[in-house]
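Dumped input_10.cif below, it's mmCIF, N, CA and C atoms:
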```cif
data_target
loop_
_atom_site.label_atom_id
_atom_site.label_comp_id
_atom_site.auth_asym_id
_atom_site.auth_seq_id
_atom_site.Cartn_x
_atom_site.Cartn_y
_atom_site.Cartn_z
N LEU Z 56 3.01 31.40 11.06
CA LEU Z 56 3.37 30.91 9.74
C LEU Z 56 4.10 32.00 8.97
N PRO Z 57 4.90 31.62 7.99
CA PRO Z 57 5.60 32.64 7.19
C PRO Z 57 4.61 33.57 6.49
N ASP Z 58 5.02 34.81 6.29
CA ASP Z 58 4.15 35.81 5.67
C ASP Z 58 3.74 35.43 4.25
N ARG Z 59 4.68 34.98 3.44
CA ARG Z 59 4.39 34.72 2.03
C ARG Z 59 4.41 33.23 1.77
N ALA Z 60 3.32 32.58 2.19
CA ALA Z 60 3.20 31.14 2.03
C ALA Z 60 1.76 30.79 1.71
N VAL Z 61 1.59 29.70 0.99
CA VAL Z 61 0.27 29.16 0.70
C VAL Z 61 0.01 28.04 1.69
N LEU Z 62 -1.09 28.13 2.42
CA LEU Z 62 -1.48 27.07 3.34
C LEU Z 62 -2.08 25.94 2.51
N LEU Z 63 -1.45 24.76 2.56
CA LEU Z 63 -1.95 23.61 1.81
C LEU Z 63 -2.90 22.76 2.65
N ASP Z 64 -2.58 22.61 3.94
CA ASP Z 64 -3.44 21.79 4.79
C ASP Z 64 -3.07 21.99 6.25
N VAL Z 65 -3.98 21.56 7.13
CA VAL Z 65 -3.76 21.53 8.57
C VAL Z 65 -3.97 20.09 9.01
N SER Z 66 -3.14 19.62 9.91
CA SER Z 66 -3.25 18.23 10.39
C SER Z 66 -4.63 18.01 11.01
N PRO Z 67 -5.11 16.77 11.00
CA PRO Z 67 -6.44 16.48 11.54
C PRO Z 67 -6.64 16.92 12.99
N ASP Z 68 -5.57 16.91 13.79
CA ASP Z 68 -5.71 17.35 15.18
C ASP Z 68 -5.49 18.86 15.35
N GLY Z 69 -5.23 19.56 14.25
CA GLY Z 69 -5.10 21.02 14.28
C GLY Z 69 -3.80 21.54 14.84
N THR Z 70 -2.78 20.69 14.98
CA THR Z 70 -1.54 21.13 15.61
C THR Z 70 -0.43 21.50 14.63
N ARG Z 71 -0.58 21.11 13.35
CA ARG Z 71 0.47 21.37 12.37
C ARG Z 71 -0.11 21.92 11.08
N ALA Z 72 0.70 22.74 10.39
CA ALA Z 72 0.29 23.31 9.10
C ALA Z 72 1.32 22.95 8.05
N LEU Z 73 0.84 22.60 6.85
CA LEU Z 73 1.69 22.33 5.70
C LEU Z 73 1.59 23.52 4.77
N VAL Z 74 2.76 24.13 4.43
CA VAL Z 74 2.77 25.33 3.59
C VAL Z 74 3.79 25.19 2.47
N ARG Z 75 3.57 25.97 1.41
CA ARG Z 75 4.54 26.14 0.32
C ARG Z 75 4.83 27.62 0.24
N LEU Z 76 6.10 27.99 0.30
CA LEU Z 76 6.48 29.40 0.23
C LEU Z 76 6.23 29.94 -1.17
N THR Z 77 5.97 31.25 -1.27
CA THR Z 77 5.64 31.86 -2.56
C THR Z 77 6.55 33.00 -2.95
N PHE Z 78 7.59 33.29 -2.17
CA PHE Z 78 8.46 34.42 -2.51
C PHE Z 78 9.63 33.96 -3.37
N GLY Z 79 10.32 34.91 -3.94
CA GLY Z 79 11.52 34.63 -4.71
C GLY Z 79 11.34 34.91 -6.19
N LEU Z 80 12.42 35.27 -6.83
CA LEU Z 80 12.43 35.53 -8.26
C LEU Z 80 13.29 34.50 -8.97
N ALA Z 81 12.88 34.14 -10.16
CA ALA Z 81 13.64 33.16 -10.95
C ALA Z 81 13.38 33.46 -12.42
N PRO Z 82 14.17 32.88 -13.32
CA PRO Z 82 13.89 33.03 -14.74
C PRO Z 82 12.47 32.54 -15.06
N ALA Z 83 11.91 33.04 -16.12
CA ALA Z 83 10.51 32.74 -16.46
C ALA Z 83 10.24 31.25 -16.64
N ASP Z 84 11.24 30.49 -17.05
CA ASP Z 84 11.01 29.07 -17.30
C ASP Z 84 11.32 28.17 -16.11
N ARG Z 85 11.65 28.76 -14.96
CA ARG Z 85 11.97 27.97 -13.77
C ARG Z 85 11.36 28.61 -12.53
N PRO Z 86 10.91 27.79 -11.59
CA PRO Z 86 10.42 28.36 -10.32
C PRO Z 86 11.59 28.76 -9.43
N SER Z 87 11.35 29.65 -8.50
CA SER Z 87 12.41 30.00 -7.55
C SER Z 87 12.57 28.85 -6.56
N ALA Z 88 13.71 28.77 -5.91
CA ALA Z 88 13.99 27.69 -4.98
C ALA Z 88 12.96 27.64 -3.85
N SER Z 89 12.50 28.80 -3.39
CA SER Z 89 11.53 28.81 -2.29
C SER Z 89 10.20 28.20 -2.71
N GLN Z 90 9.83 28.30 -3.96
CA GLN Z 90 8.55 27.80 -4.43
C GLN Z 90 8.54 26.29 -4.64
N THR Z 91 9.69 25.64 -4.54
CA THR Z 91 9.78 24.20 -4.72
C THR Z 91 9.89 23.47 -3.38
N ARG Z 92 9.72 24.19 -2.31
CA ARG Z 92 9.92 23.66 -0.97
C ARG Z 92 8.60 23.57 -0.21
N LEU Z 93 8.46 22.52 0.60
CA LEU Z 93 7.34 22.37 1.52
C LEU Z 93 7.86 22.49 2.93
N ASP Z 94 7.05 23.04 3.82
CA ASP Z 94 7.43 23.18 5.22
C ASP Z 94 6.24 22.84 6.10
N VAL Z 95 6.55 22.26 7.26
CA VAL Z 95 5.53 21.98 8.27
C VAL Z 95 5.86 22.81 9.49
N TRP Z 96 4.82 23.49 10.02
CA TRP Z 96 4.95 24.35 11.18
C TRP Z 96 4.00 23.88 12.27
N GLU Z 97 4.47 23.95 13.52
CA GLU Z 97 3.61 23.68 14.67
C GLU Z 97 2.67 24.87 14.85
N LEU Z 98 1.43 24.61 15.14
CA LEU Z 98 0.47 25.69 15.38
C LEU Z 98 0.19 25.89 16.86
N THR Z 99 0.70 25.01 17.70
CA THR Z 99 0.39 25.09 19.12
C THR Z 99 1.35 25.98 19.90
N GLU Z 100 2.50 26.30 19.32
CA GLU Z 100 3.47 27.19 19.98
C GLU Z 100 2.98 28.64 19.88
N ALA Z 101 3.36 29.45 20.84
CA ALA Z 101 2.95 30.86 20.84
C ALA Z 101 3.40 31.58 19.57
N GLU Z 102 4.62 31.31 19.12
CA GLU Z 102 5.15 31.96 17.92
C GLU Z 102 5.29 31.01 16.75
N GLY Z 103 4.87 29.78 16.90
CA GLY Z 103 5.03 28.79 15.85
C GLY Z 103 6.45 28.24 15.84
N ARG Z 104 6.57 26.97 15.52
CA ARG Z 104 7.89 26.34 15.47
C ARG Z 104 8.00 25.55 14.17
N HIS Z 105 9.11 25.72 13.48
CA HIS Z 105 9.34 24.99 12.25
C HIS Z 105 9.65 23.54 12.60
N VAL Z 106 8.95 22.60 11.97
CA VAL Z 106 9.14 21.18 12.25
C VAL Z 106 10.09 20.55 11.24
N VAL Z 107 9.79 20.72 9.96
CA VAL Z 107 10.59 20.11 8.90
C VAL Z 107 10.31 20.81 7.59
N GLY Z 108 11.29 20.79 6.70
CA GLY Z 108 11.12 21.32 5.35
C GLY Z 108 11.84 20.42 4.37
N TRP Z 109 11.32 20.33 3.14
CA TRP Z 109 11.95 19.48 2.13
C TRP Z 109 11.50 19.89 0.73
N ARG Z 110 12.25 19.44 -0.24
CA ARG Z 110 11.90 19.61 -1.65
C ARG Z 110 11.46 18.26 -2.17
N PRO Z 111 10.29 18.17 -2.79
CA PRO Z 111 9.74 16.88 -3.22
C PRO Z 111 10.52 16.16 -4.30
N GLY Z 112 11.40 16.81 -5.03
CA GLY Z 112 12.19 16.08 -6.01
C GLY Z 112 12.43 16.87 -7.28
N GLU Z 113 12.86 16.15 -8.31
CA GLU Z 113 13.16 16.75 -9.61
C GLU Z 113 12.39 16.03 -10.71
N LYS Z 114 12.16 16.77 -11.78
CA LYS Z 114 11.54 16.20 -12.97
C LYS Z 114 12.60 15.44 -13.76
N GLU Z 115 12.18 14.72 -14.77
CA GLU Z 115 13.12 13.95 -15.59
C GLU Z 115 14.17 14.83 -16.25
N ASP Z 116 13.82 16.10 -16.55
CA ASP Z 116 14.78 17.00 -17.20
C ASP Z 116 15.73 17.68 -16.21
N GLY Z 117 15.63 17.34 -14.92
CA GLY Z 117 16.51 17.89 -13.91
C GLY Z 117 16.03 19.16 -13.24
N THR Z 118 14.93 19.74 -13.71
CA THR Z 118 14.38 20.93 -13.05
C THR Z 118 13.61 20.51 -11.81
N PRO Z 119 13.55 21.39 -10.81
CA PRO Z 119 12.86 21.03 -9.58
C PRO Z 119 11.35 20.87 -9.78
N SER Z 120 10.78 19.90 -9.11
CA SER Z 120 9.33 19.74 -9.11
C SER Z 120 8.71 20.81 -8.21
N VAL Z 121 7.55 21.30 -8.58
CA VAL Z 121 6.84 22.29 -7.79
C VAL Z 121 5.64 21.62 -7.13
N PRO Z 122 5.57 21.65 -5.79
CA PRO Z 122 4.41 21.07 -5.13
C PRO Z 122 3.16 21.90 -5.43
N VAL Z 123 2.11 21.23 -5.90
CA VAL Z 123 0.86 21.93 -6.21
C VAL Z 123 -0.25 21.58 -5.24
N GLY Z 124 -0.03 20.54 -4.43
CA GLY Z 124 -1.03 20.16 -3.45
C GLY Z 124 -0.40 19.29 -2.38
N GLY Z 125 -1.05 19.24 -1.25
CA GLY Z 125 -0.57 18.42 -0.16
C GLY Z 125 -1.65 18.29 0.90
N ALA Z 126 -1.61 17.16 1.61
CA ALA Z 126 -2.61 16.93 2.66
C ALA Z 126 -2.02 16.03 3.74
N PHE Z 127 -2.39 16.31 4.97
CA PHE Z 127 -2.03 15.45 6.09
C PHE Z 127 -2.95 14.24 6.09
N LEU Z 128 -2.39 13.06 6.31
CA LEU Z 128 -3.18 11.87 6.56
C LEU Z 128 -3.39 11.71 8.07
N ASP Z 129 -2.37 12.11 8.81
CA ASP Z 129 -2.41 12.20 10.27
C ASP Z 129 -1.32 13.19 10.66
N GLY Z 130 -0.95 13.26 11.92
CA GLY Z 130 0.03 14.24 12.35
C GLY Z 130 1.44 14.04 11.83
N ASP Z 131 1.76 12.81 11.37
CA ASP Z 131 3.11 12.51 10.92
C ASP Z 131 3.22 12.08 9.46
N ARG Z 132 2.11 11.94 8.76
CA ARG Z 132 2.17 11.52 7.36
C ARG Z 132 1.49 12.55 6.47
N VAL Z 133 2.19 12.89 5.37
CA VAL Z 133 1.72 13.88 4.41
C VAL Z 133 1.78 13.28 3.02
N VAL Z 134 0.77 13.52 2.22
CA VAL Z 134 0.80 13.13 0.82
C VAL Z 134 0.90 14.41 -0.01
N THR Z 135 1.77 14.39 -1.05
CA THR Z 135 1.95 15.57 -1.89
C THR Z 135 1.78 15.22 -3.36
N LEU Z 136 1.41 16.24 -4.13
CA LEU Z 136 1.30 16.13 -5.58
C LEU Z 136 2.14 17.25 -6.18
N THR Z 137 3.01 16.90 -7.14
CA THR Z 137 3.84 17.91 -7.80
C THR Z 137 3.32 18.20 -9.20
N ASP Z 138 3.84 19.28 -9.79
CA ASP Z 138 3.36 19.72 -11.10
C ASP Z 138 3.64 18.74 -12.22
N ASP Z 139 4.49 17.75 -11.99
CA ASP Z 139 4.74 16.72 -12.99
C ASP Z 139 3.92 15.46 -12.74
N GLY Z 140 2.95 15.55 -11.83
CA GLY Z 140 2.01 14.46 -11.59
C GLY Z 140 2.47 13.38 -10.64
N VAL Z 141 3.53 13.63 -9.87
CA VAL Z 141 4.04 12.62 -8.94
C VAL Z 141 3.33 12.76 -7.60
N LEU Z 142 2.71 11.67 -7.15
CA LEU Z 142 2.05 11.61 -5.85
C LEU Z 142 2.96 10.84 -4.90
N THR Z 143 3.30 11.45 -3.74
CA THR Z 143 4.25 10.85 -2.82
C THR Z 143 3.72 10.89 -1.39
N LEU Z 144 3.95 9.81 -0.66
CA LEU Z 144 3.62 9.74 0.76
C LEU Z 144 4.90 9.98 1.55
N TRP Z 145 4.86 10.94 2.47
CA TRP Z 145 6.03 11.30 3.29
C TRP Z 145 5.74 10.96 4.74
N ASN Z 146 6.76 10.46 5.44
CA ASN Z 146 6.66 10.18 6.87
C ASN Z 146 7.52 11.21 7.59
N LEU Z 147 6.89 12.16 8.24
CA LEU Z 147 7.63 13.25 8.88
C LEU Z 147 8.43 12.77 10.08
N ALA Z 148 7.91 11.82 10.84
CA ALA Z 148 8.60 11.32 12.04
C ALA Z 148 9.91 10.63 11.64
N GLU Z 149 9.93 9.97 10.49
CA GLU Z 149 11.13 9.27 10.05
C GLU Z 149 11.94 10.09 9.03
N SER Z 150 11.48 11.27 8.71
CA SER Z 150 12.13 12.15 7.71
C SER Z 150 12.38 11.45 6.39
N LYS Z 151 11.36 10.73 5.89
CA LYS Z 151 11.48 10.12 4.57
C LYS Z 151 10.14 10.02 3.89
#
```

Will you turn the file into structure tokens for me?
Amino acid sequence: LPDRAVLLDVSPDGTRALVRLTFGLAPADRPSASQTRLDVWELTEAEGRHVVGWRPGEKEDGTPSVPVGGAFLDGDRVVTLTDDGVLTLWNLAESK
């Protein structure tokens, strides 16, 4: 897994990890681009393999939403919560 990341969850079968990166600098009123991104990593590979990464969206004012929580429902479905209170179900296999 990346060095500077928050582990949000591990898939029920233990093969994937959901993380939010924590590095980067930005103005005080905005998060850095890395902090608004979620990534899924395979845990079964010797060195880990990046599966998918995405940004959960934007707030009404156009600033990026910051993911504050996330959980696997199974190996291909993730639910996330952003700092503006939006709860979203993501399908990793279909990339949507």

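Rounded to one decimal, CA of Gly103 (chain Z) and CA of Asp131 (chain Z) lie 17.1 Å from each other.
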
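Take CA of Val65 (chain Z) and CA of Thr77 (chain Z): the distance between them is 17.9 Å.
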
Mind listing whatever residues come within 5 Å of the point (12.3, 21.1, 1.0)? Use all atoms listed in the file, file coordinates, and give them as an mmCIF file with N, CA and C atoms, in the frame of the given file.
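Final output, saved to out_36.cif:
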```cif
data_model
loop_
_atom_site.group_PDB
_atom_site.id
_atom_site.type_symbol
_atom_site.label_atom_id
_atom_site.label_comp_id
_atom_site.auth_asym_id
_atom_site.auth_seq_id
_atom_site.Cartn_x
_atom_site.Cartn_y
_atom_site.Cartn_z
ATOM 1 N N ARG Z 92 9.720 24.190 -2.310
ATOM 2 C CA ARG Z 92 9.920 23.660 -0.970
ATOM 3 C C ARG Z 92 8.600 23.570 -0.210
ATOM 4 N N LEU Z 93 8.460 22.520 0.600
ATOM 5 C CA LEU Z 93 7.340 22.370 1.520
ATOM 6 C C LEU Z 93 7.860 22.490 2.930
ATOM 7 N N GLY Z 108 11.290 20.790 6.700
ATOM 8 C CA GLY Z 108 11.120 21.320 5.350
ATOM 9 C C GLY Z 108 11.840 20.420 4.370
ATOM 10 N N TRP Z 109 11.320 20.330 3.140
ATOM 11 C CA TRP Z 109 11.950 19.480 2.130
ATOM 12 C C TRP Z 109 11.500 19.890 0.730
ATOM 13 N N ARG Z 110 12.250 19.440 -0.240
ATOM 14 C CA ARG Z 110 11.900 19.610 -1.650
ATOM 15 C C ARG Z 110 11.460 18.260 -2.170
#
```

So which residues get picked by the PyMOL selection byres ((chain Z and resi 148) around 7) here, written as a PyMOL selection string? chain Z and resi 130-132+145-147+149-151

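Within 7 Å of the point (5.0, 24.0, 11.7), and counting all atoms listed in the file, the protein, DNA and RNA residues are Thr70, Arg71, Ala72, Leu73, Asp94, Val95, Trp96, Glu97, Leu98, Gly103, Arg104, His105, Val106 and Val107 of chain Z.
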
Using the chain letters and numbers from this file, what does the PyMOL selection byres ((chain Z and resi 76) around 6) select? Give the answer as a PyMOL selection string. chain Z and resi 59-61+74-75+77-78+89-90+92-93

Output the selection as a CSV table (one decimal), in the frame of the given file - N, CA and C atoms for each residue.
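result24.csv, written as the output of this step:
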```csv
chain,number,residue,atom,x,y,z
Z,59,ARG,N,4.7,35.0,3.4
Z,59,ARG,CA,4.4,34.7,2.0
Z,59,ARG,C,4.4,33.2,1.8
Z,60,ALA,N,3.3,32.6,2.2
Z,60,ALA,CA,3.2,31.1,2.0
Z,60,ALA,C,1.8,30.8,1.7
Z,61,VAL,N,1.6,29.7,1.0
Z,61,VAL,CA,0.3,29.2,0.7
Z,61,VAL,C,0.0,28.0,1.7
Z,74,VAL,N,2.8,24.1,4.4
Z,74,VAL,CA,2.8,25.3,3.6
Z,74,VAL,C,3.8,25.2,2.5
Z,75,ARG,N,3.6,26.0,1.4
Z,75,ARG,CA,4.5,26.1,0.3
Z,75,ARG,C,4.8,27.6,0.2
Z,77,THR,N,6.0,31.2,-1.3
Z,77,THR,CA,5.6,31.9,-2.6
Z,77,THR,C,6.6,33.0,-3.0
Z,78,PHE,N,7.6,33.3,-2.2
Z,78,PHE,CA,8.5,34.4,-2.5
Z,78,PHE,C,9.6,34.0,-3.4
Z,89,SER,N,12.5,28.8,-3.4
Z,89,SER,CA,11.5,28.8,-2.3
Z,89,SER,C,10.2,28.2,-2.7
Z,90,GLN,N,9.8,28.3,-4.0
Z,90,GLN,CA,8.6,27.8,-4.4
Z,90,GLN,C,8.5,26.3,-4.6
Z,92,ARG,N,9.7,24.2,-2.3
Z,92,ARG,CA,9.9,23.7,-1.0
Z,92,ARG,C,8.6,23.6,-0.2
Z,93,LEU,N,8.5,22.5,0.6
Z,93,LEU,CA,7.3,22.4,1.5
Z,93,LEU,C,7.9,22.5,2.9
```

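One finds atom C of Gly117 (chain Z) at 23.3 Å from CA of Val133 (chain Z).
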
Go through the shown structure with the PyMOL selection byres ((chain Z and resi 136) around 5) and write out the matching residues as a count of residues only. 10

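Proximity of Z:Val121, Z:Phe127, Z:Thr99, Z:Glu113 to Asp64 (chain Z), computed with only C-alpha atoms, is greatest for Z:Phe127.
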